[in-house]
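**Student:** Got a file for you: start_30.txt, compact mmCIF, C-alpha atoms.
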```txt
# COMPACT_ATOMS: atom_id res chain seq x y z
CA MET A 1 91.99 87.79 8.60
CA ASP A 2 95.38 89.51 8.44
CA PRO A 3 94.83 93.11 9.67
CA LYS A 4 97.32 94.36 7.05
CA LEU A 5 94.74 93.46 4.39
CA TYR A 6 92.01 95.75 5.71
CA LYS A 7 94.14 98.48 7.28
CA GLY A 8 93.18 101.01 4.59
CA SER A 9 89.50 100.10 4.79
CA ILE A 10 88.93 101.13 8.39
CA GLU A 11 87.97 104.70 7.52
CA PRO A 12 85.30 103.75 4.93
CA ILE A 13 83.93 101.13 7.34
CA LEU A 14 83.71 103.67 10.15
CA LEU A 15 82.10 106.35 7.99
CA LYS A 16 79.58 103.88 6.58
CA LEU A 17 78.58 102.83 10.11
CA LEU A 18 78.12 106.43 11.18
CA SER A 19 76.06 107.25 8.10
CA GLU A 20 73.80 104.27 8.83
CA HIS A 21 73.51 104.58 12.61
CA GLY A 22 73.47 108.35 13.06
CA GLU A 23 75.54 108.56 16.22
CA MET A 24 77.78 106.02 17.88
CA TYR A 25 80.39 105.78 20.64
CA GLY A 26 83.82 104.14 20.50
CA TYR A 27 83.13 100.86 22.23
CA GLN A 28 79.92 100.37 20.26
CA ILE A 29 81.82 100.84 16.99
CA THR A 30 84.49 98.21 17.78
CA LYS A 31 81.81 95.77 18.88
CA LEU A 32 79.56 96.32 15.89
CA ILE A 33 82.37 95.93 13.35
CA LYS A 34 83.44 92.67 14.97
CA GLU A 35 79.89 91.32 15.10
CA SER A 36 78.81 92.37 11.62
CA THR A 37 81.91 90.83 10.03
CA GLN A 38 81.59 87.62 12.11
CA GLY A 39 84.89 88.46 13.79
CA GLU A 40 86.82 88.64 10.50
CA ILE A 41 87.57 92.31 10.96
CA GLU A 42 88.61 93.50 14.37
CA ILE A 43 89.62 97.10 14.87
CA LYS A 44 92.03 97.66 17.71
CA GLU A 45 91.20 100.50 20.08
CA GLY A 46 94.69 101.83 19.43
CA SER A 47 93.66 102.43 15.79
CA LEU A 48 90.01 103.41 16.23
CA TYR A 49 90.39 106.36 18.62
CA PRO A 50 93.23 108.05 16.71
CA LEU A 51 91.10 107.78 13.56
CA LEU A 52 88.04 109.25 15.31
CA HIS A 53 90.13 112.13 16.69
CA LYS A 54 91.67 112.81 13.29
CA LEU A 55 88.26 112.88 11.60
CA GLU A 56 86.92 115.17 14.33
CA ALA A 57 89.84 117.60 13.93
CA ASN A 58 89.14 117.63 10.17
CA ASP A 59 85.45 118.46 10.77
CA THR A 60 84.35 115.22 9.11
CA ILE A 61 82.64 114.13 12.32
CA GLU A 62 81.50 115.98 15.43
CA SER A 63 80.86 114.82 18.95
CA SER A 64 78.62 115.37 21.93
CA ILE A 65 78.79 114.11 25.49
CA LYS A 66 75.91 112.44 27.28
CA MET A 67 75.74 111.09 30.80
CA VAL A 68 75.15 107.35 30.68
CA LYS A 69 74.97 105.45 33.98
CA ASN A 70 77.61 107.10 36.17
CA ARG A 71 79.98 108.37 33.47
CA GLY A 72 80.21 110.60 30.42
CA ARG A 73 79.97 109.02 26.98
CA LYS A 74 81.24 110.66 23.81
CA TYR A 75 79.00 110.15 20.77
CA TYR A 76 80.21 110.81 17.24
CA ARG A 77 78.15 111.69 14.18
CA LEU A 78 78.87 112.88 10.64
CA THR A 79 78.92 116.59 9.93
CA GLU A 80 77.42 118.05 6.75
CA LYS A 81 80.89 117.98 5.22
CA GLY A 82 81.31 114.42 6.51
CA HIS A 83 78.13 113.25 4.76
CA GLN A 84 79.41 114.58 1.43
CA GLU A 85 82.86 113.09 1.95
CA THR A 86 81.35 109.74 2.93
CA SER A 87 79.22 109.47 -0.22
CA ALA A 88 82.25 110.22 -2.41
CA LEU A 89 84.51 107.86 -0.46
CA LEU A 90 82.01 104.98 -0.50
CA GLU A 91 81.55 105.39 -4.24
CA ASP A 92 85.32 105.18 -4.73
CA PHE A 93 85.56 102.29 -2.34
CA THR A 94 82.86 100.30 -4.17
CA ARG A 95 84.72 100.85 -7.45
CA TYR A 96 87.94 99.72 -5.78
CA MET A 97 86.28 96.53 -4.51
CA MET A 98 84.85 95.76 -7.95
CA THR A 99 88.27 96.29 -9.52
CA MET A 100 89.94 94.01 -6.99
CA ASN A 101 87.19 91.45 -7.41
CA ASN A 102 87.62 91.42 -11.19
CA PHE A 103 91.38 91.30 -10.86
CA PHE A 104 91.39 88.27 -8.61
CA LYS A 105 88.80 86.50 -10.75
CA VAL A 106 91.10 86.62 -13.83
CA LYS A 107 92.87 83.34 -14.39
CA PRO A 108 96.69 83.42 -14.72
CA SER A 109 96.45 81.83 -18.21
CA GLN A 110 94.34 84.78 -19.41
CA VAL A 111 96.95 87.25 -18.18
CA THR A 112 99.97 85.55 -19.72
CA GLY A 113 98.00 84.70 -22.88
CA MET B 1 71.20 82.22 23.00
CA TYR B 2 72.51 83.52 26.32
CA ILE B 3 70.48 85.91 28.41
CA TYR B 4 72.48 87.81 30.98
CA PHE B 5 72.08 90.93 33.10
CA MET B 6 74.39 93.77 32.30
CA ALA B 7 76.76 94.52 35.17
CA GLU B 8 77.19 98.15 36.17
CA LEU B 9 80.36 99.59 37.61
CA THR B 10 80.24 101.58 40.85
CA THR B 11 81.37 105.20 41.12
CA GLN B 12 84.45 103.99 43.04
CA GLU B 13 85.36 101.70 40.15
CA ILE B 14 84.88 104.54 37.65
CA ASN B 15 87.20 106.70 39.76
CA TYR B 16 89.69 103.83 39.84
CA LEU B 17 89.65 103.79 36.01
CA LYS B 18 90.40 107.53 35.95
CA ARG B 19 93.39 106.99 38.22
CA PHE B 20 94.46 104.04 36.06
CA LEU B 21 94.51 106.33 33.02
CA VAL B 22 96.49 109.03 34.83
CA GLN B 23 99.01 106.36 35.87
CA HIS B 24 99.30 105.47 32.19
CA TYR B 25 100.03 109.09 31.25
CA VAL B 26 96.61 110.03 29.90
CA ARG B 27 96.42 113.49 31.45
CA TYR B 28 93.92 115.17 29.16
CA GLU B 29 90.35 115.09 30.40
CA ASP B 30 88.67 114.81 27.01
CA VAL B 31 90.71 111.68 26.24
CA GLN B 32 90.18 110.35 29.76
CA LEU B 33 86.40 110.67 29.52
CA GLU B 34 86.27 108.60 26.36
CA LEU B 35 88.70 105.93 27.56
CA VAL B 36 86.99 105.57 30.95
CA ASP B 37 83.74 104.83 29.11
CA HIS B 38 85.50 102.37 26.80
CA LEU B 39 87.19 100.48 29.64
CA ALA B 40 84.00 100.53 31.73
CA SER B 41 81.84 99.24 28.85
CA GLY B 42 84.34 96.44 28.19
CA ILE B 43 84.56 95.45 31.86
CA GLU B 44 80.77 95.50 32.27
CA GLU B 45 80.33 93.24 29.26
CA LYS B 46 82.97 90.79 30.46
CA GLN B 47 81.56 90.69 33.98
CA SER B 48 78.04 90.17 32.62
CA LYS B 49 79.20 87.12 30.71
CA LYS B 50 81.39 85.88 33.57
CA PRO B 51 79.99 87.22 36.87
CA ASP B 52 82.91 85.70 38.84
CA LEU B 53 85.48 87.74 36.93
CA LYS B 54 87.16 90.29 39.21
CA PHE B 55 87.17 93.95 38.27
CA GLU B 56 91.00 94.18 38.04
CA ASP B 57 91.24 91.04 35.88
CA ALA B 58 88.52 92.30 33.54
CA LEU B 59 90.33 95.65 33.31
CA GLN B 60 93.58 93.97 32.29
CA GLU B 61 91.73 91.99 29.60
CA VAL B 62 90.14 95.13 28.15
CA TYR B 63 93.43 97.03 28.38
CA LYS B 64 95.07 94.33 26.24
CA GLY B 65 92.82 95.48 23.40
CA PHE B 66 94.94 98.63 23.14
CA GLY B 67 97.90 96.53 22.03
CA THR B 68 101.50 96.62 23.21
CA LEU B 69 101.70 100.42 23.01
CA GLY B 70 98.78 100.81 25.42
CA PHE B 71 97.25 104.29 25.45
CA SER B 72 100.37 106.03 24.14
CA GLN B 73 99.32 105.74 20.50
CA VAL B 74 95.89 107.21 21.28
CA VAL B 75 97.40 110.14 23.19
CA LYS B 76 100.09 110.79 20.55
CA GLU B 77 97.59 110.84 17.70
CA LYS B 78 95.16 112.97 19.70
CA GLU B 79 97.91 115.54 20.29
CA LYS B 80 98.68 115.56 16.57
CA ALA B 81 95.01 115.96 15.64
CA MET B 82 94.45 118.77 18.15
CA ARG B 83 97.61 120.60 17.12
CA LYS B 84 96.29 120.59 13.57
CA PHE B 85 92.87 121.72 14.80
CA TRP B 86 94.28 124.70 16.74
CA GLN B 87 96.75 125.63 14.02
CA LYS B 88 93.86 125.80 11.58
CA HIS B 89 92.01 128.15 13.92
CA ILE B 90 95.09 130.31 14.54
CA ILE B 91 95.51 130.76 10.78
CA LYS B 92 91.78 131.47 10.41
CA LEU B 93 91.88 134.10 13.17
CA PHE B 94 94.94 135.68 11.57
CA LEU B 95 93.32 135.78 8.12
CA ASP B 96 90.09 137.18 9.59
CA PHE B 97 92.15 140.10 10.80
CA LEU B 98 93.74 140.84 7.42
CA LYS B 99 90.84 142.97 6.29
CA PRO B 100 90.41 146.69 5.48
CA PRO B 101 90.37 147.92 9.13
CA LEU B 102 93.93 146.60 9.40
CA ILE B 103 95.06 148.92 6.58
CA PHE B 104 93.61 151.96 8.39
CA ILE B 105 95.23 150.92 11.67
CA ALA B 106 98.54 150.39 9.87
CA ILE B 107 98.35 153.83 8.22
CA LEU B 108 97.50 155.42 11.57
CA ILE B 109 100.44 153.78 13.39
CA PHE B 110 102.80 154.52 10.52
CA SER B 111 101.81 158.22 10.34
CA THR B 112 101.99 158.65 14.12
CA THR B 113 105.45 157.11 14.43
CA TYR B 114 106.64 159.03 11.36
CA LEU B 115 105.38 162.33 12.76
CA ILE B 116 106.85 161.71 16.22
CA GLN B 117 110.24 161.17 14.62
CA THR B 118 110.18 164.11 12.20
CA PHE B 119 108.43 166.83 14.22
CA TYR B 120 109.87 166.01 17.63
CA SER B 121 113.16 164.50 16.36
CA PHE B 122 112.41 161.58 18.64
CA ASN B 123 114.75 158.67 17.96
CA PHE B 124 113.19 155.39 19.11
CA TRP B 125 116.50 153.55 18.79
CA ASN B 126 118.07 155.61 21.53
CA HIS B 127 115.29 154.55 23.91
CA THR B 128 115.08 150.86 23.10
CA PRO B 129 115.56 149.46 26.62
CA TYR B 130 112.57 151.48 27.91
CA ILE B 131 110.47 150.72 24.86
CA ALA B 132 111.34 147.01 25.04
CA ILE B 133 110.28 146.88 28.69
CA MET B 134 107.02 148.73 27.95
CA VAL B 135 106.21 146.46 25.01
CA PHE B 136 106.93 143.39 27.05
CA ALA B 137 104.74 144.54 29.92
CA LEU B 138 101.97 145.24 27.41
CA ALA B 139 102.30 141.78 25.85
CA ILE B 140 102.13 140.12 29.24
CA SER B 141 99.12 142.12 30.38
CA LEU B 142 97.23 141.51 27.15
CA SER B 143 97.68 137.76 27.29
CA PHE B 144 97.06 137.64 31.04
CA LYS B 145 93.43 136.73 30.56
CA LEU B 146 94.38 133.66 28.59
CA HIS B 147 97.13 132.67 31.01
CA MET B 148 94.60 132.72 33.81
CA LYS B 149 92.72 129.99 31.98
CA GLU B 150 95.83 127.99 31.18
CA ASP B 151 95.23 125.49 33.98
CA ILE B 152 91.87 124.56 32.52
CA MET B 153 93.28 124.46 29.00
CA ASN B 154 96.10 122.13 29.92
CA LYS B 155 93.52 119.63 31.00
CA TYR B 156 92.17 119.56 27.49
CA LEU B 157 95.20 120.25 25.28
CA TYR B 158 97.63 121.95 23.62
CA LEU B 159 98.05 125.64 23.37
CA ASP B 160 101.58 125.32 24.71
CA SER B 161 102.93 125.44 21.17
CA TYR B 162 101.11 128.73 20.56
CA TYR B 163 102.75 130.32 23.59
CA GLY B 164 106.14 129.09 22.36
CA LEU B 165 105.56 130.58 18.92
CA SER B 166 104.04 133.92 19.95
CA GLY B 167 106.49 134.32 22.84
CA SER B 168 109.53 133.83 20.61
CA ILE B 169 108.22 136.20 17.90
CA LEU B 170 107.45 138.92 20.44
CA PHE B 171 110.74 138.43 22.24
CA THR B 172 112.77 138.56 19.00
CA PHE B 173 111.10 141.65 17.55
CA GLY B 174 110.32 143.42 20.78
CA TYR B 175 113.53 142.87 22.68
CA ILE B 176 116.43 141.08 20.93
CA PHE B 177 116.21 143.02 17.67
CA PRO B 178 116.10 146.56 19.14
CA SER B 179 118.70 145.69 21.79
CA SER B 180 121.04 144.32 19.12
CA ALA B 181 120.61 147.46 17.02
CA VAL B 182 121.89 149.52 19.94
CA ASN B 183 124.70 147.11 20.77
CA PHE B 184 125.93 146.99 17.17
CA ASN B 185 126.32 150.70 17.32
CA GLY B 186 128.53 150.43 20.37
CA ASN B 187 125.90 152.12 22.58
CA GLU B 188 126.50 155.41 20.81
CA ILE B 189 123.69 157.76 19.85
CA ILE B 190 122.15 156.66 16.54
CA GLU B 191 121.75 159.47 14.00
CA LEU B 192 118.19 160.13 12.88
CA THR B 193 118.34 159.93 9.07
CA THR B 194 115.40 159.83 6.61
CA PRO B 195 115.91 156.12 5.70
CA LEU B 196 116.04 155.32 9.42
CA ILE B 197 112.76 157.22 10.02
CA TRP B 198 111.07 155.21 7.25
CA PHE B 199 112.52 151.92 8.48
CA THR B 200 111.52 152.66 12.09
CA SER B 201 107.97 153.58 11.08
CA PHE B 202 107.61 150.34 9.09
CA TYR B 203 109.19 148.32 11.87
CA LEU B 204 106.98 149.75 14.62
CA THR B 205 103.83 149.41 12.49
CA PHE B 206 104.61 145.77 11.79
CA PHE B 207 105.60 145.08 15.37
CA LEU B 208 102.62 146.76 17.06
CA ILE B 209 100.14 145.06 14.74
CA SER B 210 101.83 141.67 15.30
CA LEU B 211 101.77 142.31 19.03
CA TYR B 212 98.05 143.09 18.95
CA ILE B 213 97.26 140.00 16.86
CA LEU B 214 99.53 137.59 18.74
CA ALA B 215 98.97 138.76 22.29
CA TYR B 216 95.34 139.83 22.16
CA LYS B 217 93.34 138.98 19.05
CA ILE B 218 94.37 135.34 18.62
CA PRO B 219 94.34 134.40 22.35
CA ASN B 220 90.84 135.89 22.68
CA GLY B 221 89.63 134.09 19.56
CA LEU B 222 91.17 130.85 20.81
CA LEU B 223 89.53 131.26 24.18
CA LYS B 224 86.14 131.71 22.52
CA LYS B 225 86.67 128.64 20.33
CA PHE B 226 87.97 126.72 23.33
CA ASN B 227 84.81 127.47 25.31
CA GLU B 228 82.63 126.35 22.40
CA GLN B 229 84.72 123.23 21.86
CA TYR B 230 84.77 122.06 25.47
CA LYS B 231 81.41 123.31 26.71
CA LYS B 232 80.12 119.78 26.31
CA TYR B 233 82.58 118.45 28.91
CA ALA B 234 80.93 120.61 31.57
CA LEU B 235 78.71 117.57 32.24
CA ASN B 236 81.50 116.14 34.33
```
Take the structure in the file and give it back as structure tokens.
**Tutor:**
Amino acid sequence: MDPKLYKGSIEPILLKLLSEHGEMYGYQITKLIKESTQGEIEIKEGSLYPLLHKLEANDTIESSIKMVKNRGRKYYRLTEKGHQETSALLEDFTRYMMTMNNFFKVKPSQVTG
Amino acid sequence: MYIYFMAELTTQEINYLKRFLVQHYVRYEDVQLELVDHLASGIEEKQSKKPDLKFEDALQEVYKGFGTLGFSQVVKEKEKAMRKFWQKHIIKLFLDFLKPPLIFIAILIFSTTYLIQTFYSFNFWNHTPYIAIMVFALAISLSFKLHMKEDIMNKYLYLDSYYGLSGSILFTFGYIFPSSAVNFNGNEIIELTTPLIWFTSFYLTFFLISLYILAYKIPNGLLKKFNEQYKKYALN
């Protein structure tokens, strides 16, 4: 799938994953998105980390570090504010998808009359 | 379905990844920690699927995932995000200070400077070089505590812009402005008039409060926030 098509959807996808999984780390997020969309959506690391850092600076998500094997691992989770923002955003996003779905279902003859 | 054992990188290989990041201009430790884990997880997964794959080759494959810009986009955006984060806290610390105690302090400074000028006929403008030096020494000593920690802070980001901002404000009001006032007057003695006394009292009140906020209050608040923010990295 052309990444341009889903560029604006990365944030809702990420927030939805965090609201479902509690806490996640960067590599896990990229892998899970790829797997759960059967490879249709692939988020580049160069887009994921800047988004995570932006959301953290905005207090939408927070992080903690845990030692895993022989290295530190940064886990992200939604903050209280993030939970509220996510519900509102996912509601909007669902409405957007329904609108797009309806739009693309309309036949050209119906539009031109 | 494939069943494979997950490979695990050695400490030497983890250290190699850290050096790899430094070579690619990722100097901040909080970004390094996250990217080391990302690269390591990717390499481990690739080596688990293909045990013959060499560490360096697996690294190059994972690195490709960052696109043609490599880590630069991640670092650039992180700097932007952290600048916003610290700016927000600087504004918050400043606003926290704009409360009733400030009004009492302001009245106290204003009355003291006003009285010094009227009762003792002391003209600050004829002593600007000494006052400028004293103020500067005070500013440096007050922010010394923070400067001591600068090495640690640089590892994590980005208070450089705060030093630039506070330094230029203090330098302009504490040194350039009073020095210019004397120079404009051709180094002659400035006459102590009532409007000048009022102006000087306002100026010194504003300047001393700014000095206290910029050189002491905000750096201390930032240091506290910094310790909270990066306590979690003490694991390393």
**Student:** What are the closest atom pairs, with distances in Å to one decimal, for each residue of chain A lying within 9 Å of chain B, using only C-alpha atoms, rows by chain and rising residue number, as a Markdown table?
**Tutor:**
```
| residue | atom | partner | partner_atom | distance |
| --- | --- | --- | --- | --- |
| A:Tyr25 | CA | B:Glu34 | CA | 8.7 |
| A:Gly26 | CA | B:His38 | CA | 6.8 |
| A:Tyr27 | CA | B:His38 | CA | 5.4 |
| A:Gln28 | CA | B:His38 | CA | 8.8 |
| A:Lys44 | CA | B:Gly65 | CA | 6.1 |
| A:Glu45 | CA | B:Phe66 | CA | 5.2 |
| A:Gly46 | CA | B:Phe66 | CA | 4.9 |
| A:Ser47 | CA | B:Val74 | CA | 7.6 |
| A:Leu48 | CA | B:Val74 | CA | 8.6 |
| A:Tyr49 | CA | B:Val74 | CA | 6.2 |
| A:Pro50 | CA | B:Glu77 | CA | 5.3 |
| A:Leu51 | CA | B:Glu77 | CA | 8.3 |
| A:His53 | CA | B:Lys78 | CA | 5.9 |
| A:Lys54 | CA | B:Ala81 | CA | 5.2 |
| A:Leu55 | CA | B:Ala81 | CA | 8.4 |
| A:Glu56 | CA | B:Ala81 | CA | 8.2 |
| A:Ala57 | CA | B:Phe85 | CA | 5.2 |
| A:Asn58 | CA | B:Phe85 | CA | 7.2 |
| A:Ser63 | CA | B:Lys232 | CA | 8.9 |
| A:Ser64 | CA | B:Lys232 | CA | 6.4 |
| A:Ile65 | CA | B:Lys232 | CA | 5.9 |
| A:Lys66 | CA | B:Leu235 | CA | 7.7 |
| A:Met67 | CA | B:Leu235 | CA | 7.3 |
| A:Lys69 | CA | B:Glu8 | CA | 7.9 |
| A:Asn70 | CA | B:Thr11 | CA | 6.5 |
| A:Arg71 | CA | B:Asp37 | CA | 6.8 |
| A:Gly72 | CA | B:Leu33 | CA | 6.3 |
| A:Arg73 | CA | B:Asp37 | CA | 6.0 |
| A:Lys74 | CA | B:Glu34 | CA | 6.0 |
```
**Student:** Residues within 12 Å of (108.5, 152.2, 5.9), file coordinates, counting all atoms listed in the file: what are they? Give the list as a PyMOL selection string.
**Tutor:** chain B and resi 106-107+109-111+113-114+194-206
**Student:** If you measure from CA of Lys46 in chain B to CA of Gln60 in chain B, what distance in Å do you get, rounded to one decimal?
**Tutor:**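 Atom-to-atom, CA of Lys46 in chain B and CA of Gln60 in chain B are spaced 11.2 Å apart.
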**Student:** Can you work out the spacing between CA of Thr37 in chain A and CA of Thr79 in chain A in Å, to one decimal?
**Tutor:** 25.9 Å
**Student:** Using only C-alpha atoms, which residues sit within 12 Å of Glu20 in chain A once same-chain residues fewer than 4 positions away are excluded, as a JSON list (two decimals) with C-alpha atoms, keeping the file's coordinate frame?
**Tutor:**
```json
[["chain", "number", "residue", "atom", "x", "y", "z"],
["A", 13, "ILE", "CA", 83.93, 101.13, 7.34],
["A", 14, "LEU", "CA", 83.71, 103.67, 10.15],
["A", 15, "LEU", "CA", 82.10, 106.35, 7.99],
["A", 16, "LYS", "CA", 79.58, 103.88, 6.58],
["A", 24, "MET", "CA", 77.78, 106.02, 17.88],
["A", 29, "ILE", "CA", 81.82, 100.84, 16.99],
["A", 77, "ARG", "CA", 78.15, 111.69, 14.18],
["A", 78, "LEU", "CA", 78.87, 112.88, 10.64],
["A", 83, "HIS", "CA", 78.13, 113.25, 4.76],
["A", 86, "THR", "CA", 81.35, 109.74, 2.93],
["A", 87, "SER", "CA", 79.22, 109.47, -0.22]]
```
**Student:** Could you work out how far CA of Glu62 in chain A lies from CA of Arg19 in chain B, giving the answer in Å with one decimal?
**Tutor:**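 Answer for the CA of Arg19 in chain B to CA of Glu62 in chain A separation: 27.2 Å.
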**Student:** Here is a test: counting all atoms listed in the file, which residue of B:Tyr120, B:Asp96, B:His127, B:Glu191 is nearest to Gly221 in chain B?
**Tutor:**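 Distance minimum relative to Gly221 in chain B lands on B:Asp96.
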**Student:** For a quick check of understanding, using only C-alpha atoms, which of B:Leu93, B:Asn126, B:Ile103, B:Leu108 has the smallest distance to Pro219 in chain B?
**Tutor:**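 Ranked by minimum distance to Pro219 in chain B, first place goes to B:Leu93.
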**Student:** With all atoms listed in the file as the counted atoms, please give the residues lying no more than 7 Å from Glu23 in chain A, apart from itself and same-chain residues fewer than 4 positions off, as a PyMOL selection string.
**Tutor:** chain A and resi 18+75-77
**Student:** Between B:Ile218, B:Ile213, B:Leu17, B:Leu192, which residue has the minimum interatomic distance to Asn123 in chain B, considering all atoms listed in the file?
**Tutor:**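 When distances to Asn123 in chain B are compared using all atoms listed in the file, the smallest one comes from B:Leu192.
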